[in-house]
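Chemist: What follows is a single structure, and I will ask about it in a moment.
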Amino acid sequence: MNSREPAACFRRKRSFLRIFVADYRSTQARSNTERFCPEAEPESPGIAVDKLKGNMMVEEVYDNIFRIGVVLPGNPLKELNSYFIRGEQSDLLIDTGFRRDACREALEAGLRELGSDPARRDVLVTHLHSDHSGMADLFAGPERRIYLSGVDIDLLKLFHEQTDLLVRHRRFLEEGFPLEQLEEIDRTNPAMTERMPEIDRRLTALQDGSLLRAGGYTLETLLVPGHTPGNTMFYLRGEQIMFTGDHILFDITPNITHWPGFHDSLGSYLDQLRRVRDYPVKLALPGHRKAGEYRERIDSLLEHHRRRLANALSIVRENPGLTAYEIAGLMRWKIRAADWASFPVIQKWFAVGECLSHLDYLGARGQVRFETAGNTRRYFAV
């Protein structure tokens, strides 16, 4: 490129890397929810067989900044946007994918196409979810660093220490989620099965405002808690480029769920959307799917949650004394399922988590309250 001007979306500036991905059967239901699963499919929903034969792309989205498509088999997200910034002394890889062979093969092939030397590669992880962090230890150079927010590093440590299912899922049990379904989730959820197996010594904590330099660019860390308590975005101020991670996605809605010790994740998420709304952004680079208009998308996300809060509050008013599990079953979700009983278990888990974040928000603002009977919470309007 003759000058550092942003691509309109993801203009192809480099040869396509063609990777044949064998047909596979989806292990999870596809959905077009406005989010039950972390980043659900907005169109083409349903409980279906998902097949993918793909041409994964390596494309230059800005001067010396490349996107590598990392396939996510069996997941409605389909693909992670991993980004690579080539520098003179070191390279920076942003996000990696699940810890599974198909993800590893796709990312390795993309990095080979770019001529990346593993020994000089740092990894930057936008947040702790395993579709972003699962292979960070495999792709960082032996003497390089893995950057992640200090908040999410502490959470990763906590999750590795928590081996008791009853402790790990205490809140969901209190909210009426059946124990046998939680046991199934522990066996099948990629958050447990496809994560980094241990806390890596190369993990390096980032704070709000931390600066990273790569390829002649300066990346400013923006701590935007909500999607995870330590979720981050990265801003290139001179170029007006924003790596949005999963804080802002453009054709799917980020999942906002309950987190242990984080009492109002939705309130925090909405506050952070407002905080970053007025940043000048010419090019937004999301963690999944396509890019779009930055401020317009923030406004639509704020409106989405306004509607969902109204939906949750109306259910509580009309049906006093329900558990969160029961309230989630009455909320409006876009999925091809006959009723709540026929939802895939993993979708129920995401839906109840999303419901909890909305109930917590309403509770913090005095609009709902709960009573505990035995070990179960039941909700009432105030």
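FYI, nothing fancy with the structure tokens labels: chains A, B, ... in order, residues from 1 per chain, ligands from 1 as they appear.
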To test your reading of the structure, identify every residue in region 126-223 of chain A that backbone DSSP assigns to alpha helix (DSSP H), and report it as a count of residues only.
Modeler: 43
Chemist: What's the 6 Å shell around Met233 (chain A), counting only C-alpha atoms, without same-chain residues fewer than 6 positions away, as a PyMOL selection string?
Modeler: chain A and resi 222+243-245
Chemist: Name all residues at most 10 Å from Thr204 (chain A) (count only C-alpha atoms; drop same-chain ones fewer than 6 positions away) and give them as a JSON list (two decimals) with N, CA and C atoms, in the first residue's frame.
Modeler:
[["chain", "number", "residue", "atom", "x", "y", "z"],
["A", 124, "LEU", "N", -1.21, -11.63, 21.99],
["A", 124, "LEU", "CA", -2.10, -10.74, 22.73],
["A", 124, "LEU", "C", -3.49, -11.36, 22.72],
["A", 144, "ARG", "N", 8.98, -15.39, 24.63],
["A", 144, "ARG", "CA", 8.16, -14.21, 24.36],
["A", 144, "ARG", "C", 7.05, -14.09, 25.42],
["A", 145, "ARG", "N", 6.08, -13.26, 25.19],
["A", 145, "ARG", "CA", 5.05, -12.99, 26.18],
["A", 145, "ARG", "C", 3.66, -13.29, 25.65],
["A", 146, "ILE", "N", 2.77, -13.61, 26.59],
["A", 146, "ILE", "CA", 1.34, -13.74, 26.32],
["A", 146, "ILE", "C", 0.64, -12.64, 27.12],
["A", 147, "TYR", "N", 0.10, -11.66, 26.42],
["A", 147, "TYR", "CA", -0.53, -10.53, 27.09],
["A", 147, "TYR", "C", -2.03, -10.79, 27.28],
["A", 148, "LEU", "N", -2.51, -10.50, 28.49],
["A", 148, "LEU", "CA", -3.91, -10.64, 28.84],
["A", 148, "LEU", "C", -4.17, -9.70, 30.01],
["A", 149, "SER", "N", -5.38, -9.21, 30.13],
["A", 149, "SER", "CA", -5.65, -8.31, 31.26],
["A", 149, "SER", "C", -5.40, -9.02, 32.58],
["A", 150, "GLY", "N", -4.92, -8.26, 33.56],
["A", 150, "GLY", "CA", -4.68, -8.84, 34.88],
["A", 150, "GLY", "C", -5.95, -9.42, 35.49],
["A", 153, "ILE", "N", -6.50, -12.80, 33.89],
["A", 153, "ILE", "CA", -5.49, -13.75, 34.37],
["A", 153, "ILE", "C", -5.90, -14.29, 35.73]]
Chemist: Please identify all polymer residues within 7 Å of Ser357 (chain A), counting only C-alpha atoms, omitting same-chain residues fewer than 5 positions from it, and present them as an mmCIF file with C-alpha atoms, in the first residue's frame.
Modeler:
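Output file out-v9.cif is given in full below:
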data_model
loop_
_atom_site.group_PDB
_atom_site.id
_atom_site.type_symbol
_atom_site.label_atom_id
_atom_site.label_comp_id
_atom_site.auth_asym_id
_atom_site.auth_seq_id
_atom_site.Cartn_x
_atom_site.Cartn_y
_atom_site.Cartn_z
ATOM 1 C CA ILE A 256 -23.249 -10.915 28.638
ATOM 2 C CA THR A 257 -23.528 -13.393 31.475
ATOM 3 C CA HIS A 258 -23.101 -13.677 35.221
ATOM 4 C CA ASP A 264 -23.499 -6.262 37.534
ATOM 5 C CA SER A 265 -21.851 -7.436 34.339
ATOM 6 C CA LEU A 266 -24.549 -5.961 32.103
#
Chemist: When you look at Val167 (chain A) with a cut-off of 12 Å (counting only C-alpha atoms), what residues show up, excluding the ones that are within fewer than 5 positions of it in the same chain? I need them as JSON, numbers by chain.
Modeler: {"A": [158, 159, 161, 162, 172, 173, 174, 179, 182, 260]}
Chemist: List every residue of region 135-196 of chain A that has an atom at most 8 Å from any atom of region 303-326 of chain A, and for each one report the closest atom pair and its distance in Å to one decimal, counting only C-alpha atoms, with rows sorted by chain and then by increasing residue number, as JSON lines.
Modeler:
{"residue": "A:Glu175", "atom": "CA", "partner": "A:Ala324", "partner_atom": "CA", "distance": 5.2}
{"residue": "A:Gly176", "atom": "CA", "partner": "A:Tyr325", "partner_atom": "CA", "distance": 5.4}
{"residue": "A:Phe177", "atom": "CA", "partner": "A:Tyr325", "partner_atom": "CA", "distance": 5.8}
Chemist: Could you name the residues that touch Ala284 (chain A) at 8 Å or less, counting only C-alpha atoms, but leaving out those on the same chain fewer than 6 positions away, as a ChimeraX atom specification?
Modeler: /A:241-244,291-294
Chemist: I'd like a table as a tab-separated table: residues in region 214-306 of chain A with an atom no more than 12 Å from region 70-76 of chain A, each row giving the shortest atom pair and its distance in Å to one decimal, only C-alpha atoms counted, sorted by chain and rising residue number.
Modeler:
residue	atom	partner	partner_atom	distance
A:Ile252	CA	A:Pro76	CA	10.4
A:Gly287	CA	A:Val70	CA	10.7
A:His288	CA	A:Val70	CA	9.8
A:Arg289	CA	A:Pro76	CA	11.0
Chemist: Within region 169-366 of chain A, find each residue whose DSSP state, derived from the backbone, is strand (DSSP E), and express the selection as a list in words.
Modeler: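 Taking region 169-366 of chain A and keeping strand (DSSP E) gives Leu203, Thr204, Ala205, Leu206, Leu211, Leu212, Arg213, Ala214, Tyr217, Thr218, Leu219, Glu220, Thr221, Leu222, Leu223, Thr232, Met233, Phe234, Tyr235, Leu236, Ile241, Met242, Phe243, Thr244, Gly245, Leu283, Ala284, Leu285 and Pro286 of chain A.
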Chemist: Which residue gives the smallest distance to Arg104 (chain A) among A:Asp137, A:Glu354, A:Asp186, A:Glu59, with only C-alpha atoms counted?
Modeler: A:Asp137
Chemist: Which residues come within 12 Å of Gly216 (chain A), counting only C-alpha atoms, excluding same-chain residues fewer than 4 positions away, as a ChimeraX atom specification?
Modeler: /A:4,63-65,85-92,212,236,238-239
Chemist: Mind dumping the selected residues with C-alpha atoms as a compact mmCIF listing (two decimals), in the first residue's frame?
Modeler:
# COMPACT_ATOMS: atom_id res chain seq x y z
CA ARG A 4 -1.77 3.74 5.68
CA ASP A 63 -0.69 -1.60 6.21
CA ASN A 64 1.19 -4.61 7.68
CA ILE A 65 -1.86 -5.77 9.71
CA ILE A 85 1.10 -7.43 13.05
CA ARG A 86 4.58 -7.84 11.62
CA GLY A 87 7.35 -5.85 13.28
CA GLU A 88 11.05 -5.36 12.68
CA GLN A 89 12.21 -7.05 15.89
CA SER A 90 9.11 -8.99 16.91
CA ASP A 91 5.62 -9.89 15.71
CA LEU A 92 2.28 -9.73 17.50
CA LEU A 212 2.04 -2.19 23.43
CA LEU A 236 -4.43 2.66 17.48
CA GLY A 238 -2.97 7.77 15.20
CA GLU A 239 -4.62 5.45 12.68
Chemist: From the list A:Met57, A:Val224, A:Val345, A:Ala381, which residue is nearest Glu113 (chain A) when using only C-alpha atoms?
Modeler: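 Among A:Met57, A:Val224, A:Val345, A:Ala381, it is A:Met57 that comes nearest to Glu113 (chain A).
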Chemist: Suppose you want the space between CA of Arg170 (chain A) and CA of Asp131 (chain A); what is it in Å?
Modeler: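 The value is 24.3 Å.
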Chemist: Calculated over only C-alpha atoms, which of the candidates A:Thr218, A:Thr188, A:Asn375, A:Gln240 has the smallest distance to Leu283 (chain A)?
Modeler: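 Looking only at the distances to Leu283 (chain A), the closest residue turns out to be A:Gln240.
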Chemist: Which one of A:Asp271, A:Asp251, A:Asp101, A:Glu180 sits closest to Leu138 (chain A) if you count only C-alpha atoms?
Modeler: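 Under the stated criterion, the closest residue is A:Asp101.
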Chemist: With distances taken over only C-alpha atoms, which residue among A:Ala140, A:Leu203, A:Val276, A:Leu107 lies nearest Asp152 (chain A)?
Modeler: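 Of A:Ala140, A:Leu203, A:Val276, A:Leu107, the one nearest Asp152 (chain A), counting only C-alpha atoms, is A:Leu203.
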Chemist: Rank nothing, just name the residue among A:Arg112, A:Arg99, A:Lys348, A:Lys290 nearest to Ile335 (chain A), using only C-alpha atoms.
Modeler: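 Closest to Ile335 (chain A) of all the choices is A:Lys348.
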